[in-house]
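Participant: I'm passing along target.cif; it holds mmCIF, C-alpha atoms.
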data_data
#
loop_
_atom_site.label_atom_id
_atom_site.label_comp_id
_atom_site.auth_asym_id
_atom_site.auth_seq_id
_atom_site.Cartn_x
_atom_site.Cartn_y
_atom_site.Cartn_z
CA MET U 1 5.36 -8.80 22.46
CA ILE U 2 5.06 -5.01 22.59
CA PHE U 3 8.09 -2.87 21.80
CA ASP U 4 8.13 0.70 23.13
CA LYS U 5 10.07 2.05 20.14
CA VAL U 6 7.40 1.03 17.63
CA LYS U 7 4.47 2.54 19.52
CA ILE U 8 2.93 5.56 17.85
CA ASN U 9 0.24 8.11 18.62
CA PHE U 10 -1.74 8.86 15.47
CA LEU U 11 -4.70 11.27 15.38
CA GLY U 12 -5.05 10.99 19.15
CA CYS U 13 -5.13 7.18 19.20
CA GLU U 14 -2.38 5.01 20.68
CA PHE U 15 -1.19 2.30 18.28
CA GLU U 16 0.95 -0.44 19.83
CA ASN U 17 2.78 -0.60 16.50
CA PRO U 18 2.28 1.14 13.13
CA PHE U 19 0.86 -1.97 11.42
CA ILE U 20 -2.85 -2.51 10.81
CA LEU U 21 -4.72 -4.83 8.48
CA ALA U 22 -6.10 -3.24 5.32
CA ALA U 23 -9.66 -3.93 4.19
CA THR U 24 -9.61 -7.40 2.56
CA PRO U 25 -11.64 -10.63 2.67
CA SER U 26 -9.70 -11.40 5.88
CA THR U 27 -11.24 -8.42 7.65
CA ASP U 28 -14.78 -9.38 6.68
CA ASP U 29 -14.84 -12.32 9.09
CA SER U 30 -15.06 -11.61 12.82
CA ASP U 31 -13.34 -14.85 13.86
CA MET U 32 -10.39 -14.11 11.56
CA LEU U 33 -10.20 -10.58 12.92
CA VAL U 34 -10.04 -11.91 16.48
CA GLU U 35 -7.14 -14.20 15.48
CA ALA U 36 -5.31 -11.32 13.82
CA LEU U 37 -5.66 -8.99 16.79
CA TYR U 38 -4.49 -11.72 19.19
CA ALA U 39 -1.50 -12.22 16.88
CA GLY U 40 -0.35 -8.64 17.52
CA TRP U 41 -1.74 -6.32 14.84
CA ALA U 42 -2.39 -2.84 16.21
CA GLY U 43 -5.79 -2.73 14.55
CA ALA U 44 -7.75 -3.41 11.42
CA ILE U 45 -9.78 -1.79 8.69
CA LEU U 46 -13.00 -3.75 8.25
CA LYS U 47 -14.05 -4.58 4.72
CA THR U 48 -16.08 -1.76 3.20
CA THR U 49 -19.79 -1.73 3.95
CA ALA U 50 -22.64 0.26 2.43
CA VAL U 51 -26.29 0.99 3.11
CA GLY U 52 -28.55 -1.84 1.98
CA SER U 53 -25.68 -4.27 1.42
CA SER U 54 -27.70 -7.20 2.74
CA SER U 55 -26.80 -9.23 -0.33
CA VAL U 56 -23.57 -8.81 -2.25
CA ASP U 57 -23.12 -11.27 -5.08
CA LEU U 58 -19.43 -12.11 -5.17
CA LYS U 59 -18.19 -13.93 -8.26
CA TYR U 60 -15.67 -16.77 -8.11
CA PRO U 61 -12.85 -17.24 -8.91
CA MET U 62 -12.16 -13.64 -7.90
CA MET U 63 -8.36 -13.65 -7.75
CA TYR U 64 -5.45 -14.37 -10.08
CA ALA U 65 -1.75 -14.01 -9.33
CA ILE U 66 1.32 -13.26 -11.43
CA LYS U 67 4.41 -15.08 -10.11
CA ASP U 68 8.13 -14.54 -10.57
CA ASN U 69 10.47 -17.23 -11.90
CA SER U 70 10.78 -18.71 -8.41
CA GLY U 71 7.04 -19.12 -8.03
CA ASN U 72 6.58 -16.24 -5.60
CA MET U 73 3.54 -14.03 -6.08
CA MET U 74 4.48 -10.59 -7.40
CA THR U 75 1.08 -9.25 -8.39
CA LEU U 76 -2.46 -10.12 -7.36
CA GLY U 77 -5.56 -9.13 -9.28
CA ASN U 78 -9.00 -9.33 -7.68
CA ILE U 79 -12.58 -8.66 -8.72
CA ASP U 80 -13.75 -8.62 -5.12
CA LEU U 81 -16.59 -6.37 -4.01
CA ILE U 82 -17.68 -4.81 -0.71
CA SER U 83 -18.62 -6.72 2.44
CA GLU U 84 -21.17 -9.48 2.17
CA HIS U 85 -22.54 -8.40 5.55
CA PRO U 86 -25.24 -5.74 6.09
CA LEU U 87 -24.49 -2.60 8.08
CA ILE U 88 -26.15 -3.95 11.21
CA GLU U 89 -23.81 -6.96 11.22
CA VAL U 90 -20.71 -4.84 10.64
CA ALA U 91 -21.77 -2.60 13.54
CA ARG U 92 -22.14 -5.69 15.73
CA VAL U 93 -18.61 -6.81 14.81
CA VAL U 94 -17.17 -3.39 15.67
CA LYS U 95 -18.85 -3.51 19.08
CA LYS U 96 -17.63 -7.08 19.67
CA LEU U 97 -14.04 -6.28 18.76
CA LYS U 98 -13.86 -3.12 20.89
CA SER U 99 -15.28 -5.02 23.85
CA LYS U 100 -12.75 -7.82 23.44
CA PHE U 101 -9.79 -5.63 22.44
CA PRO U 102 -10.29 -2.16 23.96
CA SER U 103 -6.71 -1.09 23.17
CA LYS U 104 -6.83 -2.12 19.50
CA ILE U 105 -7.78 0.40 16.82
CA ILE U 106 -10.93 -0.70 15.01
CA ILE U 107 -11.77 1.18 11.82
CA PRO U 108 -14.80 0.32 9.69
CA SER U 109 -14.69 1.29 6.02
CA ILE U 110 -17.75 2.82 4.40
CA MET U 111 -19.06 3.73 0.96
CA GLY U 112 -22.15 5.83 0.27
CA ARG U 113 -24.07 7.22 -2.68
CA ASN U 114 -25.33 10.46 -1.15
CA LYS U 115 -25.13 12.61 1.98
CA LYS U 116 -27.82 10.64 3.82
CA GLU U 117 -26.04 7.33 3.31
CA TRP U 118 -22.55 8.62 4.18
CA GLN U 119 -23.83 10.14 7.41
CA LEU U 120 -26.01 7.15 8.37
CA LEU U 121 -23.05 4.81 7.96
CA THR U 122 -20.77 7.11 9.93
CA LYS U 123 -23.13 7.65 12.87
CA THR U 124 -24.11 3.99 13.12
CA LEU U 125 -20.54 2.73 13.24
CA ILE U 126 -19.29 5.42 15.62
CA LYS U 127 -22.14 4.53 17.96
CA SER U 128 -20.86 0.95 17.87
CA GLY U 129 -17.44 2.06 19.10
CA ALA U 130 -15.35 2.72 15.97
CA ASP U 131 -12.08 4.52 16.73
CA MET U 132 -11.93 6.05 13.26
CA ILE U 133 -13.89 5.91 10.02
CA GLU U 134 -12.28 5.09 6.67
CA CYS U 135 -14.14 6.23 3.57
CA SER U 136 -13.62 4.46 0.28
CA PHE U 137 -13.47 7.26 -2.28
CA SER U 138 -11.46 5.11 -4.65
CA CYS U 139 -13.96 2.53 -5.83
CA PRO U 140 -15.99 3.16 -9.02
CA GLN U 141 -19.19 3.94 -7.12
CA GLY U 142 -19.61 7.26 -8.89
CA ASN U 143 -18.93 10.72 -7.52
CA ILE U 144 -22.25 12.04 -6.21
CA GLY U 145 -23.71 12.44 -9.65
CA GLU U 146 -21.05 14.74 -11.02
CA ASP U 147 -19.79 12.14 -13.45
CA PRO U 148 -21.36 8.69 -12.92
CA GLY U 149 -18.94 5.79 -13.27
CA ARG U 150 -15.88 7.69 -12.08
CA MET U 151 -14.42 7.36 -8.60
CA LEU U 152 -15.20 10.02 -6.02
CA ALA U 153 -11.48 10.59 -5.55
CA GLN U 154 -11.07 11.42 -9.23
CA SER U 155 -12.88 14.69 -8.60
CA ALA U 156 -11.50 17.28 -6.19
CA LYS U 157 -14.88 18.99 -5.89
CA ALA U 158 -16.76 15.76 -5.13
CA THR U 159 -14.03 14.68 -2.71
CA GLU U 160 -14.27 17.89 -0.72
CA ILE U 161 -18.07 17.78 -0.55
CA ALA U 162 -18.35 14.12 0.49
CA THR U 163 -15.54 14.51 3.03
CA SER U 164 -17.40 17.39 4.65
CA TRP U 165 -20.54 15.25 4.92
CA VAL U 166 -18.72 12.49 6.74
CA LYS U 167 -16.80 14.83 9.02
CA GLU U 168 -20.01 16.65 9.93
CA ALA U 169 -21.45 13.35 11.16
CA ALA U 170 -18.23 12.04 12.73
CA LYS U 171 -17.53 15.19 14.77
CA ASP U 172 -14.41 14.44 16.89
CA ILE U 173 -13.85 10.92 15.54
CA PRO U 174 -11.03 10.91 12.95
CA VAL U 175 -12.10 10.54 9.31
CA LEU U 176 -9.71 8.84 6.87
CA ILE U 177 -10.28 9.21 3.13
CA LYS U 178 -8.90 6.47 0.89
CA ILE U 179 -7.83 7.97 -2.43
CA THR U 180 -6.60 6.60 -5.74
CA PRO U 181 -3.34 7.05 -7.67
CA GLN U 182 -5.35 7.03 -10.91
CA VAL U 183 -5.54 10.81 -11.17
CA THR U 184 -3.49 13.49 -12.88
CA ASP U 185 -2.50 15.15 -9.59
CA ILE U 186 -3.00 13.23 -6.35
CA THR U 187 -2.02 16.26 -4.27
CA GLU U 188 -5.07 18.10 -5.58
CA ILE U 189 -7.31 15.33 -4.25
CA ALA U 190 -5.49 15.17 -0.89
CA ALA U 191 -5.84 18.94 -0.58
CA ALA U 192 -9.57 18.59 -1.21
CA VAL U 193 -9.77 16.06 1.64
CA LYS U 194 -8.05 18.55 3.93
CA LYS U 195 -10.32 21.38 2.79
CA GLY U 196 -13.37 19.21 3.43
CA GLY U 197 -12.26 18.60 7.02
CA GLY U 198 -10.77 15.11 6.64
CA ASP U 199 -8.23 14.16 9.28
CA ALA U 200 -5.99 11.96 7.11
CA VAL U 201 -5.67 10.31 3.73
CA VAL U 202 -5.11 6.63 2.98
CA VAL U 203 -2.62 6.42 0.12
CA THR U 204 -3.38 4.46 -1.92
CA ASN U 205 -5.92 1.92 -3.17
CA SER U 206 -5.44 -0.94 -5.62
CA VAL U 207 -4.67 0.06 -9.19
CA LEU U 208 -7.23 -0.92 -11.82
CA GLY U 209 -5.74 -3.17 -14.47
CA LEU U 210 -6.16 -6.26 -16.61
CA ILE U 211 -4.22 -8.93 -14.73
CA GLY U 212 -3.76 -11.27 -17.67
CA ILE U 213 -5.19 -13.19 -20.62
CA ASP U 214 -5.23 -16.95 -21.10
CA ILE U 215 -3.50 -17.28 -24.49
CA GLU U 216 -5.00 -20.74 -25.03
CA THR U 217 -8.58 -19.48 -24.79
CA GLY U 218 -8.18 -15.74 -25.37
CA LYS U 219 -10.19 -15.05 -22.21
CA PRO U 220 -9.29 -12.44 -19.56
CA LEU U 221 -8.17 -13.60 -16.11
CA PRO U 222 -9.66 -14.43 -13.69
CA THR U 223 -12.31 -16.06 -15.88
CA VAL U 224 -15.84 -16.37 -14.51
CA ASN U 225 -18.26 -18.38 -16.65
CA GLY U 226 -16.19 -17.62 -19.72
CA TYR U 227 -15.79 -13.89 -19.12
CA GLY U 228 -13.33 -11.61 -17.34
CA SER U 229 -13.17 -8.02 -16.13
CA TYR U 230 -10.75 -5.36 -14.99
CA ALA U 231 -9.32 -6.09 -11.55
CA GLY U 232 -7.80 -4.32 -8.59
CA ILE U 233 -4.02 -4.87 -8.74
CA THR U 234 -2.14 -5.34 -5.45
CA GLY U 235 1.02 -7.01 -4.18
CA PRO U 236 4.75 -6.18 -4.31
CA SER U 237 4.65 -4.80 -7.85
CA VAL U 238 2.56 -1.76 -6.86
CA LYS U 239 5.01 -0.49 -4.21
CA PRO U 240 6.67 2.06 -6.53
CA ILE U 241 3.26 3.62 -7.24
CA THR U 242 2.50 3.70 -3.52
CA LEU U 243 5.82 5.35 -2.66
CA LYS U 244 5.37 7.96 -5.37
CA SER U 245 1.84 8.76 -4.24
CA ILE U 246 2.68 8.96 -0.53
CA SER U 247 5.72 11.18 -1.09
CA GLN U 248 3.80 13.52 -3.40
CA VAL U 249 1.05 13.99 -0.81
CA ALA U 250 3.56 14.33 2.04
CA LYS U 251 5.56 17.00 0.21
CA GLY U 252 2.60 18.83 -1.28
CA VAL U 253 -0.16 18.69 1.38
CA GLY U 254 0.11 19.01 5.14
CA ILE U 255 -2.13 16.12 6.11
CA PRO U 256 -1.42 12.85 8.00
CA ILE U 257 -1.02 9.74 5.86
CA LEU U 258 -1.74 6.03 6.19
CA GLY U 259 0.22 4.12 3.56
CA VAL U 260 -1.00 0.97 1.84
CA GLY U 261 0.10 -1.00 -1.20
CA GLY U 262 2.99 -3.32 -1.98
CA VAL U 263 4.34 -4.00 1.52
CA SER U 264 5.81 -7.50 1.86
CA ASN U 265 8.15 -7.06 4.84
CA TYR U 266 9.41 -4.60 7.44
CA LYS U 267 11.84 -3.01 4.97
CA ASP U 268 8.97 -2.13 2.62
CA ALA U 269 7.05 -0.69 5.57
CA ILE U 270 10.02 1.48 6.55
CA GLU U 271 10.17 2.78 2.98
CA LEU U 272 6.52 3.84 3.15
CA MET U 273 7.14 5.61 6.45
CA MET U 274 10.26 7.34 5.15
CA ALA U 275 8.12 8.52 2.22
CA GLY U 276 5.72 10.15 4.68
CA ALA U 277 3.26 7.57 6.03
CA SER U 278 2.74 7.33 9.79
CA ILE U 279 0.66 4.13 9.78
CA VAL U 280 1.07 1.23 7.35
CA GLN U 281 -1.87 -0.88 6.24
CA ILE U 282 -1.11 -4.37 4.97
CA GLY U 283 -3.49 -6.57 3.00
CA THR U 284 -2.14 -8.92 0.36
CA ALA U 285 1.01 -9.85 2.33
CA ALA U 286 -1.05 -10.81 5.39
CA MET U 287 -3.30 -12.97 3.23
CA TYR U 288 -0.31 -14.57 1.49
CA ASN U 289 1.91 -15.16 4.53
CA GLY U 290 -0.67 -15.37 7.31
CA PHE U 291 -1.39 -13.09 10.26
CA ARG U 292 1.87 -14.12 12.01
CA ILE U 293 3.77 -11.92 9.57
CA ILE U 294 3.16 -9.26 12.21
CA ASP U 295 5.96 -10.83 14.28
CA SER U 296 8.58 -10.27 11.59
CA LEU U 297 7.22 -6.77 10.94
CA ASN U 298 7.52 -5.77 14.59
CA ASP U 299 10.86 -7.51 15.15
CA GLY U 300 12.34 -6.11 11.96
CA LEU U 301 11.22 -2.54 12.64
CA ASN U 302 12.29 -2.62 16.29
CA ASN U 303 15.73 -4.04 15.49
CA TYR U 304 16.17 -1.49 12.71
CA LEU U 305 15.36 1.39 15.09
CA LEU U 306 17.83 -0.01 17.64
CA ARG U 307 20.57 -0.54 15.05
CA LYS U 308 20.17 2.97 13.63
CA ARG U 309 19.77 4.44 17.14
CA PHE U 310 16.43 6.10 16.49
CA LYS U 311 14.52 6.96 19.66
CA ASN U 312 11.19 5.88 18.21
CA VAL U 313 9.33 5.28 14.97
CA ASN U 314 8.39 8.95 14.61
CA GLU U 315 11.99 9.77 13.71
CA ILE U 316 11.83 7.88 10.41
CA ILE U 317 8.53 9.32 9.15
CA GLY U 318 9.25 11.48 6.09
CA LYS U 319 13.01 10.98 6.40
CA ALA U 320 13.46 10.56 2.63
CA LEU U 321 11.50 13.65 1.62
CA PRO U 322 14.31 16.24 1.82
CA PHE U 323 16.31 14.18 -0.65
CA LEU U 324 13.46 13.75 -3.14
CA VAL U 325 13.75 16.41 -5.85
CA GLY U 326 13.10 16.91 -9.52
CA LEU U 327 15.63 15.26 -11.83
CA ASP U 328 16.82 18.64 -13.10
CA GLU U 329 17.57 19.71 -9.52
CA ILE U 330 20.19 17.01 -9.00
CA GLU U 331 23.69 18.43 -9.36
CA TYR U 332 25.78 16.09 -11.44
CA LYS U 333 29.10 15.84 -13.26
CA LYS U 334 30.21 13.02 -15.53
CA GLU U 335 33.00 12.15 -13.16
CA ASP U 336 30.36 11.51 -10.47
CA ALA U 337 29.20 8.38 -12.32
CA PRO U 338 29.88 5.20 -10.32
CA ILE U 339 31.29 2.00 -11.75
CA ALA U 340 30.03 -1.59 -11.47
CA LYS U 341 32.02 -3.94 -9.26
CA ILE U 342 31.59 -7.74 -9.43
CA ASN U 343 32.13 -9.77 -6.25
CA GLN U 344 33.83 -12.88 -7.64
CA ASP U 345 33.12 -14.87 -4.46
CA LYS U 346 29.37 -14.36 -4.84
CA CYS U 347 29.19 -14.56 -8.66
CA ILE U 348 27.59 -17.79 -9.95
CA GLN U 349 28.59 -17.09 -13.57
CA CYS U 350 25.04 -17.18 -14.88
CA ASN U 351 26.10 -14.52 -17.43
CA LYS U 352 22.83 -12.60 -17.06
CA CYS U 353 24.71 -9.37 -16.43
CA TYR U 354 26.91 -9.97 -19.46
CA ILE U 355 23.92 -10.47 -21.77
CA ALA U 356 22.02 -7.51 -20.30
CA CYS U 357 24.99 -5.18 -20.56
CA TYR U 358 25.91 -6.35 -24.05
CA ASP U 359 22.43 -5.95 -25.56
CA GLY U 360 20.86 -3.45 -23.19
CA GLY U 361 23.69 -1.47 -21.66
CA HIS U 362 27.13 -0.33 -22.82
CA GLN U 363 28.94 -3.63 -23.50
CA ALA U 364 31.12 -2.97 -20.48
CA ILE U 365 31.02 -6.47 -18.97
CA PHE U 366 33.33 -9.05 -20.50
CA ILE U 367 34.37 -12.65 -19.85
CA GLU U 368 38.02 -13.49 -19.34
CA ASN U 369 39.44 -16.75 -17.98
CA ASP U 370 35.90 -17.92 -17.25
CA LYS U 371 35.30 -14.89 -15.02
CA LEU U 372 33.13 -11.82 -15.49
CA ASP U 373 34.73 -8.42 -15.17
CA VAL U 374 34.01 -4.75 -15.94
CA ASP U 375 35.68 -2.52 -18.52
CA LYS U 376 36.18 0.73 -16.59
CA GLU U 377 36.32 2.80 -19.75
CA LYS U 378 33.01 1.54 -21.11
CA CYS U 379 31.02 1.33 -17.86
CA VAL U 380 28.92 4.44 -17.27
CA GLY U 381 27.39 3.23 -13.99
CA CYS U 382 23.84 2.85 -15.32
CA GLY U 383 23.00 0.18 -12.74
CA PHE U 384 21.20 -2.24 -15.07
CA CYS U 385 23.56 -5.09 -14.15
CA THR U 386 22.77 -4.78 -10.43
CA GLY U 387 19.11 -5.27 -11.23
CA VAL U 388 19.53 -8.44 -13.28
CA CYS U 389 22.05 -10.21 -11.00
CA PRO U 390 20.10 -12.92 -9.10
CA VAL U 391 22.58 -13.15 -6.21
CA ASP U 392 23.44 -9.47 -5.62
CA ALA U 393 27.04 -10.01 -6.65
CA ILE U 394 27.27 -6.62 -8.37
CA THR U 395 27.39 -3.26 -6.65
CA LEU U 396 28.01 0.29 -7.81
CA LYS U 397 31.16 1.83 -6.36
CA LYS U 398 32.80 5.24 -6.51
CA ARG U 399 34.94 5.48 -9.64
#
Let me see the file written as structure tokens.
Facilitator:
Amino acid sequence: MIFDKVKINFLGCEFENPFILAATPSTDDSDMLVEALYAGWAGAILKTTAVGSSSVDLKYPMMYAIKDNSGNMMTLGNIDLISEHPLIEVARVVKKLKSKFPSKIIIPSIMGRNKKEWQLLTKTLIKSGADMIECSFSCPQGNIGEDPGRMLAQSAKATEIATSWVKEAAKDIPVLIKITPQVTDITEIAAAVKKGGGDAVVVTNSVLGLIGIDIETGKPLPTVNGYGSYAGITGPSVKPITLKSISQVAKGVGIPILGVGGVSNYKDAIELMMAGASIVQIGTAAMYNGFRIIDSLNDGLNNYLLRKRFKNVNEIIGKALPFLVGLDEIEYKKEDAPIAKINQDKCIQCNKCYIACYDGGHQAIFIENDKLDVDKEKCVGCGFCTGVCPVDAITLKKR
């Protein structure tokens, strides 16, 4: 089903909704891509390809998840690499998808080592019918010799130069540069993309981390033949980093944004758009829940727009930015502090808030007649109790 309110024009292309698949193992298989596009995704980013990638040796197991106490995945770490398919095969897939789904937005992702490779990849895939080109500047492929081993997007100079190469070859086709949050100032990198002629930035990529260690063996996870490595971290836990990065770019650089990282549902997607993203890429959540998650994304967003009486999705893009300021810019008086309020009907008396407040807060929660309550004199409205309550029985109210 197509909803008029969620349609969006982005960089001259009509998206039936603001949701597209991010580059993942799912977008490296043409049959899976066909299923996803039939399901209702507005488009997809194909898994990154490079020149000469006729043989990519993937190592398994390549993924490891951290779960919450309920068994739900909160964080995913992967040691995945670029597409297993050579450029000629990726070009064939682009052509096939555009022929079968002319109204869908098909965006191949590329990664090069020099000007010749970046431009060959760009021209080949545009010739095959690509609507846009995404460039992975946030993988450790090196930054054109300036400092081997670092990401391109960790150097403003290298980012500007490589962006200009791709845009020179792409001409009128939009060029999207995928950048990393692992920099001192992400706005400097986004500005370099703009200076180099890039049409938009993709904010942001997975965050490099060590997902875990098996304490029985002392080996890093995931373990491959007895060894482990640093992994790309994705999933719900990276959303705060994504929101910070998107909002910083949106406030500091006048360039269109595609947001990616940490989206699990339509509410997360709305947050990314309110932070400044126009299009939302989704990877881990689509792999975890299946392609049909697009139904709940579209339904949720459409119903939200109707409930809030927004004319269309454009009205929520960047909506949070005017209220995002430095901490010292927030006017505040002590009497402005809220107070915790416990809903006795919802409270399950697990005592988590009591313990947290007693040893980590201000000892403002007490137990009386087998019920939890709040000492108004001691409560400073820190909000810690609302975070630990498993049933949302605590809210912060005006004092």
Participant: Hey, what's within 12 Å of Asp268 of chain U if we count all atoms listed in the file and toss same-chain stuff fewer than 3 positions away? As a list in words, please?
Facilitator: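 The residues that qualify are Phe19, Gly235, Pro236, Ser237, Val238, Lys239, Pro240, Thr242, Leu243, Gly259, Val260, Gly261, Gly262, Val263, Ser264, Asn265, Glu271, Leu272, Met273, Met274, Ala275, Ala277, Val280, Gln281, Ile282, Ala285, Leu297, Gly300 and Leu301 of chain U.
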Participant: Given all atoms listed in the file as the basis, pick out the residue of U:Arg309, U:Arg292, U:Lys346, U:Lys319 nearest to Gly40 of chain U.
Facilitator: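 Among the listed residues, U:Arg292 lies closest to Gly40 of chain U.
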Participant: Applying the PyMOL selection byres ((chain U and resi 136) around 10) to the file I just gave you, which residues come out? Please list them as a ChimeraX atom specification.
Facilitator: /U:48-49,109-112,133-135,137-141,151-153,176-180,202,205
Participant: Can you work out the spacing between atom CA of Leu87 of chain U and atom CA of Lys123 of chain U in Å, to one decimal?
Facilitator: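 Atom CA of Lys123 of chain U lies 11.4 Å from atom CA of Leu87 of chain U.
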Participant: Quick one: distance from atom CA of Tyr227 of chain U to atom CA of Thr24 of chain U in Å, one decimal?
Facilitator: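 Going from atom CA of Tyr227 of chain U over to atom CA of Thr24 of chain U, I get 23.5 Å.
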Participant: From the list U:Gly228, U:Pro181, U:Pro322, U:Pro390, which residue is nearest Gly212 of chain U when using only C-alpha atoms?
Facilitator: U:Gly228
Participant: Using all atoms listed in the file, which of the listed residues (U:Glu315, U:Glu16, U:Asp28, U:Asp375) sits closest to Ile342 of chain U?
Facilitator: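 Nearest to Ile342 of chain U: U:Asp375.
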Participant: Out of U:Pro102, U:Pro108, U:Gly232, U:Pro174, which residue has the shortest atom-to-atom distance to Met62 of chain U when counting all atoms listed in the file?
Facilitator: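 Ranked by minimum distance to Met62 of chain U, first place goes to U:Gly232.
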Participant: With distances taken over only C-alpha atoms, which of U:Ile394, U:Val253, U:Ala286, U:Cys385 is nearest to Tyr358 of chain U?
Facilitator: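 So, comparing all the options, the nearest one is U:Cys385.
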Participant: If the PyMOL selection byres ((chain U and resi 189-191) around 8) is run on the structure shown, which residues does it catch, given as a PDB file with C-alpha atoms, in the coordinates of the input?
Facilitator:
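Once written, expr.pdb looks like this:
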ATOM      1  CA  ALA U 153     -11.480  10.590  -5.550  1.00  0.00           C
ATOM      2  CA  GLN U 154     -11.070  11.420  -9.230  1.00  0.00           C
ATOM      3  CA  SER U 155     -12.880  14.690  -8.600  1.00  0.00           C
ATOM      4  CA  ALA U 156     -11.500  17.280  -6.190  1.00  0.00           C
ATOM      5  CA  THR U 159     -14.030  14.680  -2.710  1.00  0.00           C
ATOM      6  CA  ILE U 179      -7.830   7.970  -2.430  1.00  0.00           C
ATOM      7  CA  ASP U 185      -2.500  15.150  -9.590  1.00  0.00           C
ATOM      8  CA  ILE U 186      -3.000  13.230  -6.350  1.00  0.00           C
ATOM      9  CA  THR U 187      -2.020  16.260  -4.270  1.00  0.00           C
ATOM     10  CA  GLU U 188      -5.070  18.100  -5.580  1.00  0.00           C
ATOM     11  CA  ALA U 192      -9.570  18.590  -1.210  1.00  0.00           C
ATOM     12  CA  VAL U 193      -9.770  16.060   1.640  1.00  0.00           C
ATOM     13  CA  LYS U 194      -8.050  18.550   3.930  1.00  0.00           C
ATOM     14  CA  LYS U 195     -10.320  21.380   2.790  1.00  0.00           C
ATOM     15  CA  VAL U 201      -5.670  10.310   3.730  1.00  0.00           C
ATOM     16  CA  VAL U 249       1.050  13.990  -0.810  1.00  0.00           C
ATOM     17  CA  VAL U 253      -0.160  18.690   1.380  1.00  0.00           C
ATOM     18  CA  ILE U 255      -2.130  16.120   6.110  1.00  0.00           C
TER      19      ILE U 255
END
Participant: Go ahead and find all residues with at least one atom no further than 9 Å from (32.6, -5.3, -17.4) in the file's coordinates, using only C-alpha atoms; report them as a count of residues only.
Facilitator: 18
Participant: For the file shown, what are the residues hit by the PyMOL selection byres ((chain U and resi 217-225) around 7), laid out as a PyMOL selection string?
Facilitator: chain U and resi 60-64+211-216+226-229
Participant: Could you tell me which of U:Val34, U:Ala39, U:Ile173, U:Ile79 comes closest to Gly290 of chain U if we count only C-alpha atoms?
Facilitator: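 Ranked by minimum distance to Gly290 of chain U, first place goes to U:Ala39.
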Participant: Please compute the atom CA of Ile293 of chain U-atom CA of Leu33 of chain U distance, one decimal, in Å.
Facilitator: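 That distance, rounded to one decimal, is 14.4 Å.
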Participant: Neighbouring residues of segment 302-308 of chain U were defined as those with any atom within 10 Å, considering all atoms listed in the file; residues of the same chain fewer than 5 positions away were excluded. Please report them as an NGL selection string.
Facilitator: :U and (2-7 or 17 or 266-267 or 270 or 296-297 or 313 or 315-316)
Participant: If we count all atoms listed in the file, what is near Phe10 of chain U at a cut-off of 10 Å, once residues fewer than 5 positions away on the same chain are taken out, given as a list in words?
Facilitator: Phe15, Pro18, Pro174, Ala200, Pro256, Ile257, Leu258, Ser278 and Ile279 of chain U
Participant: Limited to C-alpha atoms, could you put the picked residues into a file as a short mmCIF file (atom, residue, chain, number, x, y, z; two decimals), in the coordinates of the input?
Facilitator:
data_model
loop_
_atom_site.label_atom_id
_atom_site.label_comp_id
_atom_site.auth_asym_id
_atom_site.auth_seq_id
_atom_site.Cartn_x
_atom_site.Cartn_y
_atom_site.Cartn_z
CA PHE U 15 -1.19 2.30 18.28
CA PRO U 18 2.28 1.14 13.13
CA PRO U 174 -11.03 10.91 12.95
CA ALA U 200 -5.99 11.96 7.11
CA PRO U 256 -1.42 12.85 8.00
CA ILE U 257 -1.02 9.74 5.86
CA LEU U 258 -1.74 6.03 6.19
CA SER U 278 2.74 7.33 9.79
CA ILE U 279 0.66 4.13 9.78
#
Participant: Extract segment 209-217 of chain U from the coordinates I pasted, and write it as a CSV table (one decimal), in the first residue's frame (atoms kept: N, CA and C atoms).
Facilitator:
chain,number,residue,atom,x,y,z
U,209,GLY,N,34.2,-1.6,16.9
U,209,GLY,CA,34.4,-1.9,18.3
U,209,GLY,C,34.7,-3.4,18.5
U,210,LEU,N,34.9,-3.8,19.7
U,210,LEU,CA,35.2,-5.2,20.1
U,210,LEU,C,33.9,-5.7,20.7
U,211,ILE,N,33.1,-6.5,20.0
U,211,ILE,CA,31.8,-6.9,20.4
U,211,ILE,C,31.7,-7.7,21.7
U,212,GLY,N,32.8,-8.4,22.0
U,212,GLY,CA,32.8,-9.2,23.3
U,212,GLY,C,34.0,-10.2,23.3
U,213,ILE,N,34.1,-10.8,24.5
U,213,ILE,CA,35.2,-11.8,24.7
U,213,ILE,C,34.6,-12.9,25.5
U,214,ASP,N,34.8,-14.1,25.0
U,214,ASP,CA,34.4,-15.4,25.6
U,214,ASP,C,35.2,-15.6,26.9
U,215,ILE,N,34.7,-15.4,28.1
U,215,ILE,CA,35.5,-15.4,29.3
U,215,ILE,C,35.9,-16.8,29.7
U,216,GLU,N,35.3,-17.9,29.0
U,216,GLU,CA,35.8,-19.2,29.2
U,216,GLU,C,37.1,-19.5,28.5
U,217,THR,N,37.2,-18.9,27.3
U,217,THR,CA,38.4,-19.2,26.5
U,217,THR,C,39.3,-18.0,26.4
